[in-house]
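Remarks on the structure that follows.
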There are 2 protein chains.
Amino acid sequence: MTVEPTGSGPTLSARVAADLRTRIEAGEWAPGEKMPGEHDLCAHYEVSRATIRTALQDLESRGLTVTRHGLGTLVTANAVTGQADLRRLESMTETIRRHGRTPGMQYRSIVLRPASEGEAGKLAVEEGDEVIATERALTADDEIVAFSYDVIPRALFPADFDPSEVAGSLFALMERHGARAIVAISELHATHGRDIGWGDRPNDPSYLLLIQVHTDVRGVPIALASTYFIEGRFPFGLVRHR
Amino acid sequence: MTVEPTGSGPTLSARVAADLRTRIEAGEWAPGEKMPGEHDLCAHYEVSRATIRTALQDLESRGLTVTRHGLGTLVTANAVTGQADLRRLESMTETIRRHGRTPGMQYRSIVLRPASEGEAGKLAVEEGDEVIATERALTADDEIVAFSYDVIPRALFPADFDPSEVAGSLFALMERHGARAIVAISELHATHGRDIGWGDRPNDPSYLLLIQVHTDVRGVPIALASTYFIEGRFPFGLVRHR
DNA sequence: CCCGGTCGAGTTGTCTGACAAGCTACTGGT
DNA sequence: ACCAGTAGCTTGTCAGACAACTCGACCGGG
């Protein structure tokens with residue numbers, strides 16, 4: 001069985017890795033079980049060993065497998081399907097959809113205002129420069145799962161840009177204007193209180209607060225996102241490994 | 001400049017990756033800057049291109065670099081030194097020490113008791129089988145930063161094992177008895193309340209709760225750890241990337 | 001002068017074949 | 001029954017080659 005016809009998008013090894021991932025998550029090998037050797041995988045996918053090794057390193061970097069010299073590669077975990085993987089940067093809507101629920105988004109406010117001192121520092125703009133600030137609620141199956149406060153430099157958009165056009169995923173919006181988020185330097189906090197968020201939420205809720213500075217491939221900050229996840233409404237999974 | 005004389009421990013590519021990591025964290029290349037090409041790195045470290053590529057994939061899997069076909073590999077971030085990296089599994093004492101503080105540990109209780117139903121399920125033992133349960137406080141510079149409730153199957157240790165001998169890192173203890181934790185399937189939660197932990201702590205603190213099932217290389221569960229990190233006393237950093 | 005396409009140098013992705021090094025299980029001896 | 005040695009499998013590393021991709025320089029036409 002070969003992989004998809006060579007659409008020029010993702011690399012060959014990435015496609016092989018994706019296929020192996022789905023096979024692992026489907027339970028084709030139980031945790032602790034040994035996967036076929038690299039030579040067999042070469043024959044199966046009709047690619048060279050270099051490509052297979054690249055794919056296997058991808059799996060290992062996600063904590064799904066462990067490969068040992070002289071032994072082989074063992075599957076370690078396959079039970080994290082659908083959970084939000086904190087290591088991978090993807091839009092929240094995507095994560096929710098992968099979790100089998102229907103994502104939604106409610107914009108509470110979109111304003112154009114000068115950047116505060118803290119924001120200016122993190123976004124590498126001058127204090128007082130204009131930024132677009134949004135307040136949103138993320139929903140899954142119409143239940144609010146998180147509140148998000150995002151700040152984007154106004155300079156990223158053309159002069160005739162109308163903030164009221166903002167809707168849906170900010171990721172997609174920024175990408176349409178040529179700003180693609182590659183990495184996010186993130187901090188994780190726990191907090192609680194009734195003064196966070198709005199609308200439908202528990203009485204005295206706890207929140208998982210994820211503060212992220214999204215940056216360009218050049219290291220240029222393009223967004224500052226503070227997302228409050230309501231405890232219990234959104235599962236955070238993670239495979240940690242050596 | 002070559003890497004360390006070939007001590008048979010870590011692989012060659014791992015040692016190259018470690019050296020490159022320290023160079024990145026030292027700021028030898030700024031975020032957005034291009035690293036030397038693979039060919040140059042080969043010459044520098046006197047290894048083959050396959051080894052360099054393996055090392056570079058390690059860097060990319062940690063979110064430190066991005067390598068693009070036809071372009072090169074760009075450094076994306078170097079400012080996360082010292083923070084606890086949620087993706088990597090390492091003992092807490094190690095993390096604290098890397099953070100430049102002095103780790104400590106206060107055992108509050110060590111008991112031998114039958115496993116509860118939930119514990120039995122997660123640890124893959126029979127309900128009622130004996131487990132070793134510990135309550136500990138982790139300190140950094142004599143300040144409590146986390147409370148940890150850990151459960152280990154009694155069967156992992158020899159018959160003459162004395163629970164009162166337990167001290168210091170549980171990682172190290174288990175490793176002495178041939179049980180080496182390779183991965184941890186983890187969940188992340190936020191919680192708060194005065195009924196968590198003991199001793200010195202804020203009045204109404206928030207906690208980052210990390211629930212981990214540590215497993216063997218064979219997928220056999222060897223420990224169940226619930227760690228409550230006191231908000232504000234321990235920085236959690238993370239580089240997320242595509 | 002400006003704009004667009006072409007070309008080439010430099011880079012990573014993939015291929016091939018080979019050997020070194022590590023682990024496991026079996027074998028044959030004691 | 002026990003132990004040492006070994007054969008066979010596995011991954012790690014090496015070498016050299018070509019394909020595919022990106023970016024900037026160059027050049028011709030408007």
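We name chains A, B, ... following the order of the structure tokens; residues begin at 1 in each chain, and ligands are numbered from 1 as shown.
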
- Within chain A, find each residue whose DSSP state, derived from the backbone, is strand (DSSP E or B), and express the selection as a PyMOL selection string. chain A and resi 34+65-68+72-75+84-85+88+103-114+130-140+143-153+183-192+206-215+221-230+236-241

- Query: Skipping near chain neighbours, those fewer than 6 positions away, what residues fall within 10 Å of range 20-28 of chain B using only C-alpha atoms (C1' of nucleotides), listed as a list in words?
  - Reply: Ala14, Met35, Leu41, Ala55, Leu56, Asp58, Leu59, Arg62, Leu64, Thr65, Val75, Thr76, Ala77, Asn78, Ala79, Val80 and Thr81 of chain B

Write the residues of the selection above to a file with C-alpha atoms, as a PDB file, in the first residue's frame.
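So the final result, stored in result.pdb, reads:
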```
ATOM      1  CA  ALA B  14      21.762  13.303  20.479  1.00  0.00           C
ATOM      2  CA  MET B  35      21.580  28.674  11.096  1.00  0.00           C
ATOM      3  CA  LEU B  41      27.325  21.710  10.247  1.00  0.00           C
ATOM      4  CA  ALA B  55      19.885  16.425  15.388  1.00  0.00           C
ATOM      5  CA  LEU B  56      18.048  19.190  13.529  1.00  0.00           C
ATOM      6  CA  ASP B  58      15.277  17.017  17.444  1.00  0.00           C
ATOM      7  CA  LEU B  59      15.573  20.789  17.611  1.00  0.00           C
ATOM      8  CA  ARG B  62      11.227  21.041  20.587  1.00  0.00           C
ATOM      9  CA  LEU B  64      13.418  25.753  18.754  1.00  0.00           C
ATOM     10  CA  THR B  65      13.830  25.791  14.994  1.00  0.00           C
ATOM     11  CA  VAL B  75      15.860  29.708  14.862  1.00  0.00           C
ATOM     12  CA  THR B  76      12.426  30.550  16.234  1.00  0.00           C
ATOM     13  CA  ALA B  77      12.907  30.850  19.979  1.00  0.00           C
ATOM     14  CA  ASN B  78      15.646  30.763  22.527  1.00  0.00           C
ATOM     15  CA  ALA B  79      14.028  32.374  25.555  1.00  0.00           C
ATOM     16  CA  VAL B  80      12.523  29.462  27.385  1.00  0.00           C
ATOM     17  CA  THR B  81      15.572  28.406  29.339  1.00  0.00           C
TER      18      THR B  81
END
```

Distance table requested - chain B against chain C, cut-off 12 Å, only C-alpha atoms (C1' of nucleotides): one row per qualifying residue with the closest atom pair and its distance in Å to one decimal, ordered by chain and rising residue number, as CSV.
```
residue,atom,partner,partner_atom,distance
B:Ser8,CA,C:DA21,C1',9.9
B:Gly9,CA,C:DG22,C1',11.6
B:Thr11,CA,C:DA21,C1',10.7
B:Lys34,CA,C:DT11,C1',11.4
B:Met35,CA,C:DT11,C1',11.6
B:Pro36,CA,C:DT11,C1',10.3
B:Gly37,CA,C:DT11,C1',7.2
B:Glu38,CA,C:DT12,C1',8.4
B:His39,CA,C:DT11,C1',9.5
B:Asp40,CA,C:DT11,C1',11.4
B:Arg49,CA,C:DT12,C1',11.1
B:Ala50,CA,C:DT14,C1',11.8
B:Arg53,CA,C:DT12,C1',9.8
B:Leu56,CA,C:DT12,C1',11.6
B:Val66,CA,C:DT12,C1',11.8
B:Thr67,CA,C:DT12,C1',8.0
B:Arg68,CA,C:DT12,C1',6.8
B:His69,CA,C:DT12,C1',4.5
B:Gly70,CA,C:DT11,C1',4.4
B:Leu71,CA,C:DT11,C1',5.3
B:Gly72,CA,C:DT11,C1',5.8
B:Thr73,CA,C:DT12,C1',8.9
```

Print the selection's residues with N, CA and C atoms to a file, as a CSV table (one decimal), in the first residue's frame.
```csv
chain,number,residue,atom,x,y,z
B,8,SER,N,29.9,5.8,25.3
B,8,SER,CA,28.9,4.9,24.6
B,8,SER,C,27.4,5.3,25.0
B,9,GLY,N,27.2,6.2,25.8
B,9,GLY,CA,25.9,6.5,26.3
B,9,GLY,C,24.9,7.0,25.2
B,11,THR,N,23.4,8.7,21.9
B,11,THR,CA,23.8,8.5,20.5
B,11,THR,C,24.6,9.8,20.0
B,34,LYS,N,19.1,32.6,10.4
B,34,LYS,CA,19.3,31.4,9.7
B,34,LYS,C,20.6,30.7,10.3
B,35,MET,N,20.4,29.4,10.6
B,35,MET,CA,21.6,28.7,11.1
B,35,MET,C,22.4,28.3,9.9
B,36,PRO,N,23.7,27.8,10.2
B,36,PRO,CA,24.5,27.3,9.1
B,36,PRO,C,23.8,26.1,8.4
B,37,GLY,N,24.1,26.0,7.1
B,37,GLY,CA,23.5,24.9,6.3
B,37,GLY,C,23.9,23.5,6.9
B,38,GLU,N,23.2,22.5,6.5
B,38,GLU,CA,23.6,21.1,7.0
B,38,GLU,C,25.0,20.8,6.6
B,39,HIS,N,25.4,21.2,5.4
B,39,HIS,CA,26.7,20.8,4.9
B,39,HIS,C,27.8,21.4,5.8
B,40,ASP,N,27.6,22.7,6.2
B,40,ASP,CA,28.5,23.4,7.1
B,40,ASP,C,28.6,22.7,8.4
B,49,ARG,N,25.8,13.8,7.1
B,49,ARG,CA,24.6,14.6,7.0
B,49,ARG,C,23.4,14.0,7.7
B,50,ALA,N,23.4,12.6,7.7
B,50,ALA,CA,22.3,11.9,8.3
B,50,ALA,C,22.2,12.3,9.8
B,53,ARG,N,21.0,15.8,10.3
B,53,ARG,CA,19.6,15.9,10.1
B,53,ARG,C,18.8,15.4,11.2
B,56,LEU,N,18.9,18.1,13.9
B,56,LEU,CA,18.0,19.2,13.5
B,56,LEU,C,16.6,18.9,13.7
B,66,VAL,N,12.8,25.9,12.9
B,66,VAL,CA,11.9,25.5,11.8
B,66,VAL,C,12.8,25.3,10.6
B,67,THR,N,12.7,24.2,9.9
B,67,THR,CA,13.5,24.0,8.7
B,67,THR,C,12.6,23.8,7.5
B,68,ARG,N,12.9,24.6,6.5
B,68,ARG,CA,12.1,24.7,5.3
B,68,ARG,C,12.9,24.2,4.1
B,69,HIS,N,12.2,23.4,3.2
B,69,HIS,CA,12.8,22.9,2.0
B,69,HIS,C,13.3,24.1,1.2
B,70,GLY,N,14.5,24.1,0.8
B,70,GLY,CA,15.1,25.1,-0.1
B,70,GLY,C,15.5,26.4,0.5
B,71,LEU,N,15.2,26.5,1.8
B,71,LEU,CA,15.5,27.7,2.5
B,71,LEU,C,16.6,27.6,3.5
B,72,GLY,N,16.4,26.6,4.4
B,72,GLY,CA,17.4,26.4,5.5
B,72,GLY,C,16.7,26.2,6.8
B,73,THR,N,17.4,26.3,7.9
B,73,THR,CA,16.7,26.1,9.2
B,73,THR,C,16.8,27.4,10.0
```

Output as a PDB file with C-alpha atoms, in the first residue's frame the set of chain A residues within 9 Å of chain B, with distances taken over only C-alpha atoms.
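Generated file (out_37.pdb):
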```pdb
ATOM      1  CA  ALA A  30      -1.115  -2.003  21.415  1.00  0.00           C
ATOM      2  CA  PRO A  31       1.046   0.013  23.798  1.00  0.00           C
ATOM      3  CA  GLY A  32       4.229  -1.928  24.422  1.00  0.00           C
ATOM      4  CA  GLU A  33       3.943  -3.755  21.147  1.00  0.00           C
ATOM      5  CA  ALA A  50      15.733   7.734   5.214  1.00  0.00           C
ATOM      6  CA  THR A  54      12.188  10.785   9.396  1.00  0.00           C
ATOM      7  CA  GLN A  57      11.292  10.473  14.466  1.00  0.00           C
ATOM      8  CA  ASP A  58       8.111  12.489  14.045  1.00  0.00           C
ATOM      9  CA  SER A  61       8.729  13.492  19.015  1.00  0.00           C
ATOM     10  CA  ARG A  62       4.999  13.282  19.720  1.00  0.00           C
ATOM     11  CA  GLY A  63       5.548  10.656  22.392  1.00  0.00           C
ATOM     12  CA  LEU A  64       3.665   7.983  20.482  1.00  0.00           C
ATOM     13  CA  VAL A  66      10.067   4.969  21.484  1.00  0.00           C
ATOM     14  CA  LEU A  74       7.706   0.305  20.426  1.00  0.00           C
ATOM     15  CA  VAL A  75       4.319   1.963  20.589  1.00  0.00           C
ATOM     16  CA  THR A  76       3.910   3.696  23.936  1.00  0.00           C
ATOM     17  CA  ALA A  77       0.504   5.323  23.794  1.00  0.00           C
ATOM     18  CA  ALA A  79      -5.165   6.796  23.907  1.00  0.00           C
ATOM     19  CA  VAL A  80      -4.886  10.532  23.527  1.00  0.00           C
ATOM     20  CA  LEU A  86      -0.644  21.405  24.110  1.00  0.00           C
ATOM     21  CA  ARG A  87       2.505  20.817  22.118  1.00  0.00           C
ATOM     22  CA  ARG A  88       0.953  21.362  18.739  1.00  0.00           C
ATOM     23  CA  LEU A  89      -0.116  24.781  17.632  1.00  0.00           C
ATOM     24  CA  GLU A  90      -3.475  24.649  15.956  1.00  0.00           C
ATOM     25  CA  ALA A 181       1.918  31.907  13.131  1.00  0.00           C
ATOM     26  CA  ILE A 182       4.608  29.261  13.370  1.00  0.00           C
ATOM     27  CA  VAL A 183       5.391  29.029  17.063  1.00  0.00           C
ATOM     28  CA  ALA A 184       3.859  30.318  20.250  1.00  0.00           C
ATOM     29  CA  ILE A 185       5.937  31.009  23.331  1.00  0.00           C
ATOM     30  CA  SER A 186       3.479  30.075  26.018  1.00  0.00           C
ATOM     31  CA  GLU A 187       2.922  30.270  29.749  1.00  0.00           C
ATOM     32  CA  LEU A 188       0.435  28.207  31.674  1.00  0.00           C
ATOM     33  CA  HIS A 189      -1.387  29.404  34.778  1.00  0.00           C
ATOM     34  CA  ALA A 190      -4.281  28.446  37.015  1.00  0.00           C
ATOM     35  CA  THR A 191      -6.715  31.057  38.238  1.00  0.00           C
ATOM     36  CA  HIS A 192     -10.273  31.422  39.437  1.00  0.00           C
ATOM     37  CA  PRO A 205     -15.049  28.440  38.293  1.00  0.00           C
ATOM     38  CA  SER A 206     -11.402  27.546  37.920  1.00  0.00           C
ATOM     39  CA  TYR A 207      -9.648  28.424  34.715  1.00  0.00           C
ATOM     40  CA  LEU A 208      -6.616  27.150  32.903  1.00  0.00           C
ATOM     41  CA  LEU A 209      -5.008  30.298  31.558  1.00  0.00           C
ATOM     42  CA  GLN A 212       0.720  32.886  24.179  1.00  0.00           C
ATOM     43  CA  THR A 215       5.399  34.644  16.292  1.00  0.00           C
ATOM     44  CA  ASP A 216       6.276  34.606  12.675  1.00  0.00           C
ATOM     45  CA  VAL A 217       8.866  32.334  11.189  1.00  0.00           C
ATOM     46  CA  ARG A 218      11.220  35.291  11.606  1.00  0.00           C
ATOM     47  CA  GLY A 219      10.516  35.597  15.302  1.00  0.00           C
ATOM     48  CA  VAL A 220       8.334  38.678  14.799  1.00  0.00           C
ATOM     49  CA  ILE A 230     -13.174  26.699  31.902  1.00  0.00           C
ATOM     50  CA  GLU A 231     -12.098  23.759  34.034  1.00  0.00           C
ATOM     51  CA  GLY A 232     -13.956  20.585  33.210  1.00  0.00           C
ATOM     52  CA  PRO A 235      -9.834  18.096  28.159  1.00  0.00           C
ATOM     53  CA  PHE A 236      -6.143  18.826  28.011  1.00  0.00           C
ATOM     54  CA  GLY A 237      -4.105  15.784  27.200  1.00  0.00           C
ATOM     55  CA  LEU A 238      -0.403  15.453  26.851  1.00  0.00           C
ATOM     56  CA  VAL A 239       2.080  12.690  26.306  1.00  0.00           C
ATOM     57  CA  ARG A 240       5.255  13.530  28.136  1.00  0.00           C
ATOM     58  CA  HIS A 241       8.366  11.550  27.378  1.00  0.00           C
ATOM     59  CA  ARG A 242      12.090  11.521  27.806  1.00  0.00           C
TER      60      ARG A 242
END
```

- Message: Counting only C-alpha atoms (C1' of nucleotides), a student should be able to say which residues of chain D come within 9 Å of chain A; what is the right answer, written as a count of residues only?
- Response: 4

- Query: Just how far from CA of Thr227 in chain B is CA of Ala133 in chain B, in Å to one decimal?
  - Reply: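 Those two atoms sit 13.2 Å apart.
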
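Nearest to Ala140 in chain B of all the residues B:Ser109, B:Ser164, B:Thr51, B:Thr95 is B:Thr95, counting only C-alpha atoms.
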
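Pairwise distance (CA of Glu46 in chain A, CA of Trp29 in chain A) equals 20.8 Å.
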
- Contacts of range 121-124 of chain A at 8 Å (only C-alpha atoms (C1' of nucleotides); same-chain gap of 2+ positions) as a list in words: Glu117, Gly118, Glu119, Glu126, Glu127, Pro153, Val213, Val220, Pro221, Ile222, Ala223 and Leu224 of chain A

Create the file for the chosen residues now, containing C-alpha atoms and written as an mmCIF file, in the first residue's frame.
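So part08.cif came out as:
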```
data_model
loop_
_atom_site.group_PDB
_atom_site.id
_atom_site.type_symbol
_atom_site.label_atom_id
_atom_site.label_comp_id
_atom_site.auth_asym_id
_atom_site.auth_seq_id
_atom_site.Cartn_x
_atom_site.Cartn_y
_atom_site.Cartn_z
ATOM 1 C CA GLU A 117 2.996 49.072 28.032
ATOM 2 C CA GLY A 118 2.967 45.318 28.644
ATOM 3 C CA GLU A 119 1.405 44.569 25.287
ATOM 4 C CA GLU A 126 5.773 51.117 20.488
ATOM 5 C CA GLU A 127 3.568 51.885 23.464
ATOM 6 C CA PRO A 153 -0.828 44.901 15.954
ATOM 7 C CA VAL A 213 2.896 35.128 22.089
ATOM 8 C CA VAL A 220 8.334 38.678 14.799
ATOM 9 C CA PRO A 221 5.419 38.670 17.278
ATOM 10 C CA ILE A 222 2.093 38.810 15.487
ATOM 11 C CA ALA A 223 -0.425 38.179 18.256
ATOM 12 C CA LEU A 224 -0.808 38.072 22.020
#
```

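From CA of Tyr45 in chain A back to CA of Ile52 in chain B, the distance works out to 24.6 Å.
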
- Message: Based on the backbone DSSP call, show me all residues of range 60-182 of chain B assigned helix (DSSP H, G or I), as a list in words.
- Response: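 The helix (DSSP H, G or I) subset of range 60-182 of chain B is Glu60, Ser61, Met92, Thr93, Glu94, Thr95, Ile96, Arg97, Arg98, Glu117, Gly118, Glu119, Ala120, Gly121, Lys122, Leu123, Arg154, Ala155, Leu156, Pro163, Ser164, Glu165, Leu170, Phe171, Ala172, Leu173, Met174, Glu175 and Arg176 of chain B.
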